[in-house]
>>> print(open('structure.cif').read())   # mmCIF, C-alpha atoms
data_data
loop_
_atom_site.label_atom_id
_atom_site.label_comp_id
_atom_site.auth_asym_id
_atom_site.auth_seq_id
_atom_site.Cartn_x
_atom_site.Cartn_y
_atom_site.Cartn_z
CA MET I 1 -12.73 31.06 1.97
CA GLU I 2 -10.44 28.75 3.93
CA ASN I 3 -7.84 26.88 1.88
CA PHE I 4 -8.39 23.11 1.66
CA VAL I 5 -5.51 21.00 3.03
CA VAL I 6 -5.38 17.38 1.87
CA SER I 7 -5.62 14.79 4.64
CA ALA I 8 -2.16 13.36 3.87
CA ARG I 9 -0.65 16.73 4.88
CA LYS I 10 -3.16 17.72 7.55
CA TYR I 11 -2.72 14.45 9.48
CA ARG I 12 0.98 13.93 8.84
CA PRO I 13 2.47 12.48 12.07
CA LEU I 14 4.66 14.75 14.21
CA ASN I 15 5.73 12.03 16.67
CA PHE I 16 6.91 8.43 16.28
CA ASN I 17 3.87 7.24 18.25
CA ASP I 18 1.58 8.58 15.49
CA VAL I 19 3.37 6.77 12.64
CA VAL I 20 1.11 4.02 11.26
CA GLY I 21 2.30 0.45 10.71
CA GLN I 22 6.08 0.87 11.25
CA ALA I 23 6.34 0.08 14.97
CA ALA I 24 9.63 -1.86 14.72
CA ILE I 25 11.43 0.97 12.91
CA THR I 26 10.10 3.79 15.09
CA ALA I 27 10.96 1.87 18.28
CA THR I 28 14.52 1.29 17.00
CA LEU I 29 15.00 4.96 16.10
CA GLU I 30 13.66 6.18 19.45
CA GLN I 31 15.96 3.78 21.30
CA ALA I 32 18.93 4.91 19.21
CA ILE I 33 18.30 8.55 20.22
CA VAL I 34 17.86 7.68 23.92
CA THR I 35 21.05 5.55 24.06
CA ASN I 36 23.01 7.96 21.86
CA GLN I 37 23.75 5.21 19.31
CA LEU I 38 22.50 6.98 16.22
CA PRO I 39 24.63 6.42 13.09
CA GLN I 40 25.66 9.39 10.97
CA ALA I 41 24.19 7.91 7.78
CA LEU I 42 20.78 6.22 7.55
CA LEU I 43 18.93 4.91 4.52
CA PHE I 44 15.13 4.64 4.64
CA CYS I 45 13.81 2.49 1.81
CA GLY I 46 10.41 1.02 0.94
CA PRO I 47 7.30 1.55 -1.20
CA ARG I 48 5.70 4.98 -1.69
CA GLY I 49 3.46 6.44 0.98
CA VAL I 50 4.60 4.30 3.93
CA GLY I 51 6.26 7.01 6.06
CA LYS I 52 9.92 7.29 4.99
CA THR I 53 10.11 11.08 4.68
CA THR I 54 7.77 11.53 7.65
CA CYS I 55 10.04 9.42 9.88
CA ALA I 56 13.10 11.28 8.57
CA ARG I 57 11.56 14.63 9.59
CA ILE I 58 10.45 13.33 13.00
CA LEU I 59 13.92 11.87 13.61
CA ALA I 60 15.58 15.16 12.64
CA ARG I 61 13.35 17.07 15.08
CA LYS I 62 13.93 14.55 17.88
CA ILE I 63 17.72 14.64 17.45
CA ASN I 64 17.81 18.41 17.87
CA GLU I 65 15.23 18.46 20.68
CA GLU I 66 17.54 16.10 22.58
CA ASN I 67 20.42 18.49 22.01
CA GLY I 68 19.03 21.73 23.35
CA VAL I 69 17.47 23.38 20.29
CA GLU I 70 14.16 25.08 20.92
CA GLY I 71 11.57 26.56 18.61
CA ASP I 72 9.06 25.29 16.13
CA GLN I 73 10.58 26.30 12.80
CA ASP I 74 12.58 24.02 10.52
CA PHE I 75 15.58 26.37 10.48
CA ALA I 76 15.69 26.29 14.29
CA PHE I 77 16.10 22.53 14.18
CA ASN I 78 19.03 22.59 11.75
CA ILE I 79 17.11 20.49 9.22
CA PHE I 80 18.00 20.72 5.54
CA GLU I 81 16.03 18.87 2.85
CA LEU I 82 17.25 18.15 -0.64
CA ASP I 83 15.06 16.64 -3.35
CA ALA I 84 17.45 14.48 -5.36
CA ALA I 85 14.89 14.13 -8.17
CA SER I 86 15.44 17.75 -9.18
CA ASN I 87 18.92 18.29 -7.69
CA ASN I 88 20.78 15.26 -8.99
CA SER I 89 23.93 16.71 -10.56
CA VAL I 90 27.52 16.73 -9.28
CA ASP I 91 27.30 20.49 -8.71
CA ASP I 92 24.27 20.06 -6.43
CA ILE I 93 26.12 17.50 -4.31
CA ARG I 94 29.28 19.62 -4.19
CA SER I 95 27.17 22.55 -2.97
CA LEU I 96 25.73 20.27 -0.27
CA ILE I 97 29.22 19.07 0.75
CA ASP I 98 30.38 22.71 1.12
CA GLN I 99 27.35 23.40 3.31
CA VAL I 100 28.02 20.31 5.47
CA ARG I 101 31.35 21.78 6.61
CA ILE I 102 29.56 24.66 8.41
CA VAL I 103 29.23 24.03 12.14
CA PRO I 104 25.69 24.61 13.55
CA GLN I 105 25.24 27.90 15.45
CA VAL I 106 22.64 26.37 17.77
CA GLY I 107 22.46 22.74 18.92
CA LYS I 108 24.79 19.84 18.26
CA TYR I 109 23.74 18.42 14.89
CA ARG I 110 22.81 19.47 11.41
CA VAL I 111 20.50 16.91 9.77
CA TYR I 112 20.46 16.53 5.98
CA ILE I 113 17.46 14.70 4.48
CA ILE I 114 17.99 13.65 0.87
CA ASP I 115 14.73 12.40 -0.65
CA GLU I 116 14.53 10.15 -3.73
CA VAL I 117 18.28 9.58 -3.41
CA HIS I 118 18.24 6.91 -6.15
CA MET I 119 17.80 9.76 -8.68
CA LEU I 120 21.37 11.01 -8.13
CA SER I 121 23.67 10.47 -11.08
CA THR I 122 26.61 8.05 -10.76
CA GLN I 123 29.03 11.01 -10.70
CA ALA I 124 26.99 12.64 -7.92
CA PHE I 125 27.05 9.41 -5.90
CA ASN I 126 30.82 9.19 -6.29
CA ALA I 127 31.25 12.82 -5.23
CA PHE I 128 29.17 12.07 -2.12
CA LEU I 129 31.07 8.92 -1.11
CA LYS I 130 33.92 10.46 0.87
CA THR I 131 31.64 12.78 2.85
CA LEU I 132 29.32 9.89 3.66
CA GLU I 133 32.21 7.69 4.77
CA GLU I 134 33.81 10.31 7.04
CA PRO I 135 31.16 12.92 7.81
CA PRO I 136 31.86 15.84 10.17
CA ALA I 137 30.89 15.11 13.77
CA HIS I 138 27.97 17.57 13.57
CA ALA I 139 26.37 16.09 10.41
CA ILE I 140 23.76 13.35 10.15
CA PHE I 141 22.50 12.17 6.74
CA ILE I 142 19.09 10.58 6.25
CA LEU I 143 18.60 9.22 2.73
CA ALA I 144 15.16 8.10 1.52
CA THR I 145 14.35 6.06 -1.57
CA THR I 146 11.67 3.87 -3.14
CA GLU I 147 14.22 2.02 -5.29
CA LYS I 148 17.07 0.67 -3.18
CA HIS I 149 18.40 -1.48 -6.03
CA LYS I 150 19.37 1.68 -7.99
CA ILE I 151 21.75 2.87 -5.27
CA ILE I 152 25.37 1.88 -5.78
CA PRO I 153 26.73 -0.73 -3.27
CA THR I 154 29.43 1.63 -1.98
CA ILE I 155 26.71 4.00 -0.73
CA LEU I 156 24.66 1.15 0.79
CA SER I 157 27.65 -0.16 2.72
CA ARG I 158 28.11 3.23 4.40
CA CYS I 159 24.52 3.49 5.66
CA GLN I 160 22.43 1.85 8.35
CA ILE I 161 19.50 0.54 6.31
CA TYR I 162 15.86 0.60 7.47
CA ASP I 163 13.40 -1.30 5.28
CA PHE I 164 9.89 0.14 5.55
CA LYS I 165 7.10 -2.35 4.87
CA ARG I 166 3.74 -1.97 3.20
CA ILE I 167 1.12 -0.98 5.75
CA GLY I 168 -1.53 -3.59 6.61
CA VAL I 169 -5.16 -3.14 5.59
CA GLU I 170 -6.36 -3.07 9.21
CA ASP I 171 -3.81 -0.40 10.17
CA ILE I 172 -4.84 1.80 7.24
CA LYS I 173 -8.53 1.28 8.03
CA ARG I 174 -7.97 2.24 11.67
CA HIS I 175 -6.24 5.45 10.59
CA LEU I 176 -9.01 6.28 8.10
CA LYS I 177 -11.56 5.86 10.91
CA HIS I 178 -9.56 8.29 13.03
CA VAL I 179 -9.47 10.86 10.20
CA ALA I 180 -13.18 10.37 9.39
CA ASP I 181 -14.13 10.90 13.05
CA LYS I 182 -11.99 14.05 13.23
CA GLU I 183 -13.56 15.42 10.04
CA ASN I 184 -17.12 14.43 11.05
CA VAL I 185 -17.53 12.22 7.99
CA ALA I 186 -20.23 9.51 8.11
CA TYR I 187 -18.99 6.13 6.88
CA GLU I 188 -19.77 2.44 6.55
CA ASP I 189 -17.07 0.19 7.97
CA ASP I 190 -16.80 -1.85 4.74
CA ALA I 191 -16.43 1.35 2.68
CA LEU I 192 -13.26 2.27 4.59
CA HIS I 193 -12.06 -1.33 4.22
CA LEU I 194 -12.40 -1.09 0.42
CA ILE I 195 -10.36 2.14 0.36
CA ALA I 196 -7.69 0.51 2.57
CA GLN I 197 -7.52 -2.52 0.24
CA LYS I 198 -7.33 -0.39 -2.90
CA ALA I 199 -4.42 1.61 -1.42
CA ASP I 200 -2.23 -1.53 -1.59
CA GLY I 201 -0.19 -0.75 1.53
CA ALA I 202 0.34 2.99 0.88
CA LEU I 203 -1.20 5.20 3.56
CA ARG I 204 -0.81 8.39 1.49
CA ASP I 205 -2.73 6.79 -1.40
CA SER I 206 -5.53 5.78 0.97
CA LEU I 207 -5.85 9.34 2.30
CA SER I 208 -5.93 10.73 -1.25
CA MET I 209 -8.73 8.29 -2.12
CA PHE I 210 -10.51 9.13 1.13
CA ASP I 211 -10.51 12.86 0.25
CA ARG I 212 -11.90 12.06 -3.20
CA MET I 213 -14.64 9.86 -1.77
CA VAL I 214 -15.63 12.49 0.83
CA THR I 215 -16.14 15.01 -1.98
CA PHE I 216 -17.97 12.53 -4.24
CA THR I 217 -20.31 11.21 -1.54
CA GLN I 218 -20.89 14.57 0.17
CA ARG I 219 -19.37 13.31 3.44
CA ASN I 220 -21.28 10.03 3.60
CA LEU I 221 -19.08 7.08 2.61
CA THR I 222 -21.16 4.08 1.56
CA VAL I 223 -19.98 0.80 0.06
CA SER I 224 -21.97 1.33 -3.16
CA ALA I 225 -20.56 4.85 -3.70
CA VAL I 226 -16.97 3.77 -3.01
CA THR I 227 -17.16 0.73 -5.33
CA GLU I 228 -18.61 2.93 -8.09
CA ASN I 229 -16.03 5.71 -7.80
CA LEU I 230 -12.96 3.54 -7.24
CA ASN I 231 -13.97 1.23 -10.09
CA ILE I 232 -14.10 -1.82 -7.81
CA LEU I 233 -16.28 -4.77 -8.78
CA ASP I 234 -18.93 -5.25 -6.09
CA TYR I 235 -18.58 -8.47 -4.04
CA ASP I 236 -22.27 -9.17 -4.79
CA TYR I 237 -21.39 -10.04 -8.40
CA TYR I 238 -19.02 -12.76 -7.20
CA PHE I 239 -21.67 -14.15 -4.84
CA LYS I 240 -24.27 -14.14 -7.66
CA MET I 241 -21.81 -15.91 -9.94
CA THR I 242 -21.10 -18.56 -7.29
CA ASP I 243 -24.84 -19.21 -6.83
CA ALA I 244 -25.15 -19.65 -10.61
CA PHE I 245 -22.20 -22.09 -10.67
CA LEU I 246 -23.66 -24.19 -7.83
CA ALA I 247 -27.02 -24.31 -9.63
CA ASN I 248 -25.29 -25.30 -12.93
CA ASP I 249 -26.94 -22.21 -14.44
CA ILE I 250 -24.67 -21.36 -17.38
CA PRO I 251 -27.00 -18.70 -18.94
CA SER I 252 -27.14 -16.68 -15.67
CA ALA I 253 -23.34 -16.79 -15.31
CA LEU I 254 -22.88 -15.51 -18.89
CA ILE I 255 -25.48 -12.75 -18.37
CA HIS I 256 -23.75 -11.59 -15.17
CA PHE I 257 -20.41 -11.54 -17.01
CA ASP I 258 -21.95 -9.44 -19.81
CA GLU I 259 -23.22 -6.93 -17.21
CA ILE I 260 -19.72 -6.74 -15.72
CA LEU I 261 -18.15 -6.01 -19.12
CA LYS I 262 -20.78 -3.32 -19.83
CA LYS I 263 -19.80 -1.61 -16.58
CA GLY I 264 -16.31 -1.23 -18.05
CA PHE I 265 -14.43 -3.90 -16.09
CA ASP I 266 -11.61 -5.87 -17.69
CA GLY I 267 -12.13 -9.62 -18.18
CA HIS I 268 -8.66 -10.48 -16.89
CA LEU I 269 -9.15 -8.52 -13.67
CA PHE I 270 -12.53 -10.22 -13.24
CA ILE I 271 -10.99 -13.70 -13.50
CA ASN I 272 -8.29 -12.76 -10.99
CA GLY I 273 -10.96 -11.41 -8.68
CA LEU I 274 -13.09 -14.54 -9.09
CA GLY I 275 -10.10 -16.76 -8.22
CA ALA I 276 -9.47 -14.63 -5.11
CA HIS I 277 -13.18 -14.93 -4.25
CA PHE I 278 -13.02 -18.74 -4.30
CA ARG I 279 -9.86 -18.60 -2.21
CA ASP I 280 -11.66 -16.42 0.36
CA LEU I 281 -14.61 -18.85 0.43
CA LEU I 282 -12.13 -21.66 1.15
CA MET I 283 -10.57 -19.62 3.98
CA ALA I 284 -14.06 -19.01 5.42
CA LYS I 285 -14.83 -22.75 5.67
CA THR I 286 -12.64 -23.41 8.72
CA ALA I 287 -12.27 -21.44 11.96
CA ASN I 288 -8.45 -21.54 11.83
CA THR I 289 -8.25 -19.64 8.53
CA ILE I 290 -11.06 -17.09 8.91
CA HIS I 291 -8.52 -14.45 10.04
CA LEU I 292 -6.92 -14.68 6.56
CA LEU I 293 -10.00 -12.98 5.06
CA GLU I 294 -9.08 -9.36 4.29
CA VAL I 295 -12.62 -7.99 4.05
CA GLY I 296 -14.92 -5.82 6.17
CA GLU I 297 -17.13 -7.27 8.89
CA GLN I 298 -20.38 -7.20 6.85
CA THR I 299 -18.71 -8.85 3.87
CA LYS I 300 -17.05 -11.43 6.15
CA ALA I 301 -20.52 -12.47 7.39
CA LYS I 302 -21.56 -13.05 3.75
CA TYR I 303 -18.47 -15.19 3.14
CA LEU I 304 -19.13 -17.31 6.23
CA ALA I 305 -22.73 -17.93 5.15
CA HIS I 306 -21.81 -18.61 1.51
CA ALA I 307 -18.92 -20.94 2.37
CA GLN I 308 -21.36 -23.41 3.91
CA LYS I 309 -23.01 -23.86 0.49
CA CYS I 310 -19.75 -24.82 -1.25
CA SER I 311 -17.89 -28.09 -0.88
CA SER I 312 -14.11 -27.96 -0.50
CA LEU I 313 -13.72 -30.06 -3.67
CA PHE I 314 -15.76 -27.54 -5.68
CA LEU I 315 -13.62 -24.66 -4.38
CA PHE I 316 -10.33 -26.47 -5.11
CA GLN I 317 -11.44 -27.19 -8.67
CA ALA I 318 -12.82 -23.65 -9.16
CA ILE I 319 -9.52 -22.07 -8.07
CA ASP I 320 -7.65 -24.35 -10.48
CA VAL I 321 -9.96 -23.42 -13.41
CA CYS I 322 -9.56 -19.69 -12.68
CA ASN I 323 -5.79 -20.08 -12.42
CA GLN I 324 -5.60 -21.90 -15.78
CA THR I 325 -7.74 -19.19 -17.43
CA ASP I 326 -5.55 -16.46 -15.93
CA MET I 327 -2.47 -18.03 -17.57
CA GLN I 328 -4.22 -18.51 -20.93
CA TYR I 329 -5.87 -15.08 -21.07
CA LYS I 330 -3.10 -12.95 -22.59
CA ALA I 331 -2.23 -15.52 -25.27
CA SER I 332 -5.87 -15.88 -26.35
CA LYS I 333 -7.08 -14.36 -29.65
CA ASN I 334 -10.65 -14.20 -28.31
CA GLN I 335 -10.33 -13.20 -24.68
CA ARG I 336 -14.06 -12.87 -23.98
CA LEU I 337 -14.63 -16.42 -25.21
CA THR I 338 -11.77 -17.64 -22.99
CA VAL I 339 -13.50 -16.21 -19.90
CA GLU I 340 -16.91 -17.53 -21.01
CA ILE I 341 -15.49 -21.06 -21.43
CA CYS I 342 -14.08 -20.72 -17.90
CA LEU I 343 -17.55 -19.75 -16.60
CA MET I 344 -19.15 -22.73 -18.39
CA GLN I 345 -16.59 -25.05 -16.82
CA LEU I 346 -17.23 -23.59 -13.36
CA ALA I 347 -20.98 -23.98 -13.81
CA SER I 348 -20.44 -27.65 -14.72
CA LEU I 349 -18.27 -28.65 -11.75
CA THR I 350 -21.26 -29.79 -9.68
CA SER I 351 -23.11 -31.24 -12.68
CA ASN I 352 -24.04 -34.94 -12.87
CA ASP I 353 -22.57 -35.11 -16.36
CA ASP I 354 -19.25 -36.74 -15.42
CA ALA I 355 -17.90 -36.74 -18.98
CA PHE I 356 -18.30 -32.95 -19.30
CA LYS I 357 -16.89 -32.34 -15.80
CA LYS I 358 -13.81 -34.40 -16.56
CA LYS I 359 -13.19 -32.53 -19.80
CA SER I 360 -13.77 -29.13 -18.18
CA ILE I 361 -11.00 -29.49 -15.56
CA GLU I 362 -8.38 -31.25 -17.65
#
>>> encode(input="structure.cif", output="structure tokens")
Amino acid sequence: MENFVVSARKYRPLNFNDVVGQAAITATLEQAIVTNQLPQALLFCGPRGVGKTTCARILARKINEENGVEGDQDFAFNIFELDAASNNSVDDIRSLIDQVRIVPQVGKYRVYIIDEVHMLSTQAFNAFLKTLEEPPAHAIFILATTEKHKIIPTILSRCQIYDFKRIGVEDIKRHLKHVADKENVAYEDDALHLIAQKADGALRDSLSMFDRMVTFTQRNLTVSAVTENLNILDYDYYFKMTDAFLANDIPSALIHFDEILKKGFDGHLFINGLGAHFRDLLMAKTANTIHLLEVGEQTKAKYLAHAQKCSSLFLFQAIDVCNQTDMQYKASKNQRLTVEICLMQLASLTSNDDAFKKKSIE
């Protein structure tokens, strides 16, 4: 039986061109190699799963390829990796410093990748300072971290810093499509969009979710299956709620909310989602702001159709009511009642009862 390899490892980029969503950084690094202007100490920082370690490995390979090293093994490329999370003592750094003094037998550079560098102790950082300030001519250090603020300023000042950004939903979705096509996985476009949204800018997280969904759905990713397994509230609930609000149908709104709670969703997350839903409806009302909708194509069509039913005034007031409820939620002794009052207010915004409307949005 063939061993299963997770997609995050199987499709890990081997060239800068394959790195997703970090075009500015990869272009800068490639240019630095070509023009021979590469610093001896670099710091890659940013959220998890956005390509820091991947870019460090690609850079290390490229540096040695440019300097006459051949072969396809890590040792042949003079690459040394240290995980600072488990090697964070002064002794570990002193051992590294002793190793740095050794001149490479093949090629021009030895590249040292130190991952999770913020985990080093203060004493280890101080022991590393002198080597980082005046490294041997054959040594290049690439430090990677998710928490730049934990690194002491004296280390930061000795490094060229590259800030990796969260990867956009469209970029992640495009990559998931590529992986799905390679793996012969059937998918709905909106299902991949939901996975990309849930990943919150981390490509590795999206690929982990993708693997889970492929197993759960038996290689057929549908919107309903993805929403169920990722514990995402279906957009249809928000559209049903909006129809109830526009019809001033308080009982239907409360019944829908009860169904949502029985499915195990948190009331606070629902209110946040409802506020975001009204915001998206507002964006869908004008051509200039439609591109601000971060939803799949099928869902976007629903938003465009639904936005025509809602007046701008209703949407402004609805967003305000949801925002007020969001702020009141945690302080409330009866949180379900707080949300239900919010739903009653929303269902009364288009009512003819001016006295109740005025009270509901004060």
>>> resolve_selection(input="structure.cif", expression="the PyMOL selection byres ((chain I and resi 29-40) around 6)", output="list in words")
Thr26, Ala27, Thr28, Ala41, Ile140 and Phe141 of chain I
>>> residues_around(input="structure.cif", residues="Met213 (chain I)", least_positions_apart="5", cutoff="9 Å", atoms="only C-alpha atoms", output="list in words")
Ser208, Gln218, Arg219, Asn220, Leu221, Ala225, Val226, Asn229 and Leu230 of chain I
>>> resolve_selection(input="structure.cif", expression="the PyMOL selection byres ((chain I and resi 337-343) around 12)", output="VMD selection string")
chain I and resid 238 241 to 242 244 to 246 248 to 258 261 266 to 272 274 to 275 317 to 336 344 to 349 359 to 362
>>> resolve_selection(input="structure.cif", expression="the PyMOL selection byres ((chain I and resi 47) around 8)", output="PyMOL selection string")
chain I and resi 45-46+48-50+146+164-166+202
>>> atom_distance(input="structure.cif", atom1="CA of Val169 (chain I)", atom2="CA of Asp190 (chain I)")
11.7 Å
>>> closest_atom_pairs(input="structure.cif", of="region 164-203 of chain I", to="region 291-306 of chain I", cutoff="12 Å", atoms="all atoms listed in the file", output="Markdown table")
| residue | atom | partner | partner_atom | distance |
| --- | --- | --- | --- | --- |
| I:Gly168 | CA | I:Glu294 | CA | 9.8 |
| I:Val169 | CA | I:Glu294 | CA | 7.5 |
| I:Glu170 | CA | I:Glu294 | CA | 8.4 |
| I:Asp171 | CA | I:Glu294 | CA | 11.9 |
| I:Lys173 | CA | I:Gly296 | CA | 9.7 |
| I:Arg174 | CA | I:Gly296 | CA | 12.0 |
| I:Glu188 | CA | I:Gly296 | CA | 9.6 |
| I:Asp189 | CA | I:Gly296 | CA | 6.6 |
| I:Asp190 | CA | I:Gly296 | CA | 4.6 |
| I:Ala191 | CA | I:Gly296 | CA | 8.1 |
| I:Leu192 | CA | I:Gly296 | CA | 8.4 |
| I:His193 | CA | I:Gly296 | CA | 5.7 |
| I:Leu194 | CA | I:Val295 | CA | 7.8 |
| I:Ile195 | CA | I:Gly296 | CA | 10.9 |
| I:Ala196 | CA | I:Val295 | CA | 9.9 |
| I:Gln197 | CA | I:Glu294 | CA | 8.1 |
| I:Lys198 | CA | I:Val295 | CA | 11.6 |
| I:Asp200 | CA | I:Glu294 | CA | 12.0 |
>>> residues_around(input="structure.cif", residues="Ala307 (chain I)", least_positions_apart="6", cutoff="10 Å", atoms="all atoms listed in the file", output="PyMOL selection string")
chain I and resi 278+280-286+301+315
>>> atom_distance(input="structure.cif", atom1="CA of Ile58 (chain I)", atom2="CA of Asn15 (chain I)")
6.1 Å
>>> axis_aligned_box(input="structure.cif", around="region 88-95 of chain I", padding_each_side="3 Å", output="AutoDock Vina command-line options")
--center_x 25.0 --center_y 18.9 --center_z -6.8 --size_x 14.5 --size_y 13.3 --size_z 13.6
>>> closest_residue(input="structure.cif", among="I:His138, I:Arg101, I:Lys148, I:Lys62", to="Met119 (chain I)", atoms="all atoms listed in the file")
I:Lys148
>>> closest_residue(input="structure.cif", among="I:Phe216, I:His178, I:Ile114, I:Ser157", to="Tyr11 (chain I)", atoms="all atoms listed in the file")
I:His178
>>> residues_around(input="structure.cif", residues="Ser89 (chain I)", least_positions_apart="2", cutoff="10 Å", atoms="all atoms listed in the file", output="ChimeraX atom specification")
/I:84-87,91-94,119-125,127
>>> atom_distance(input="structure.cif", atom1="CA of Ala144 (chain I)", atom2="CA of Val106 (chain I)")
25.6 Å
>>> closest_residue(input="structure.cif", among="I:Val100, I:Val6, I:Phe314, I:Ile155", to="Ser206 (chain I)", atoms="only C-alpha atoms")
I:Val6
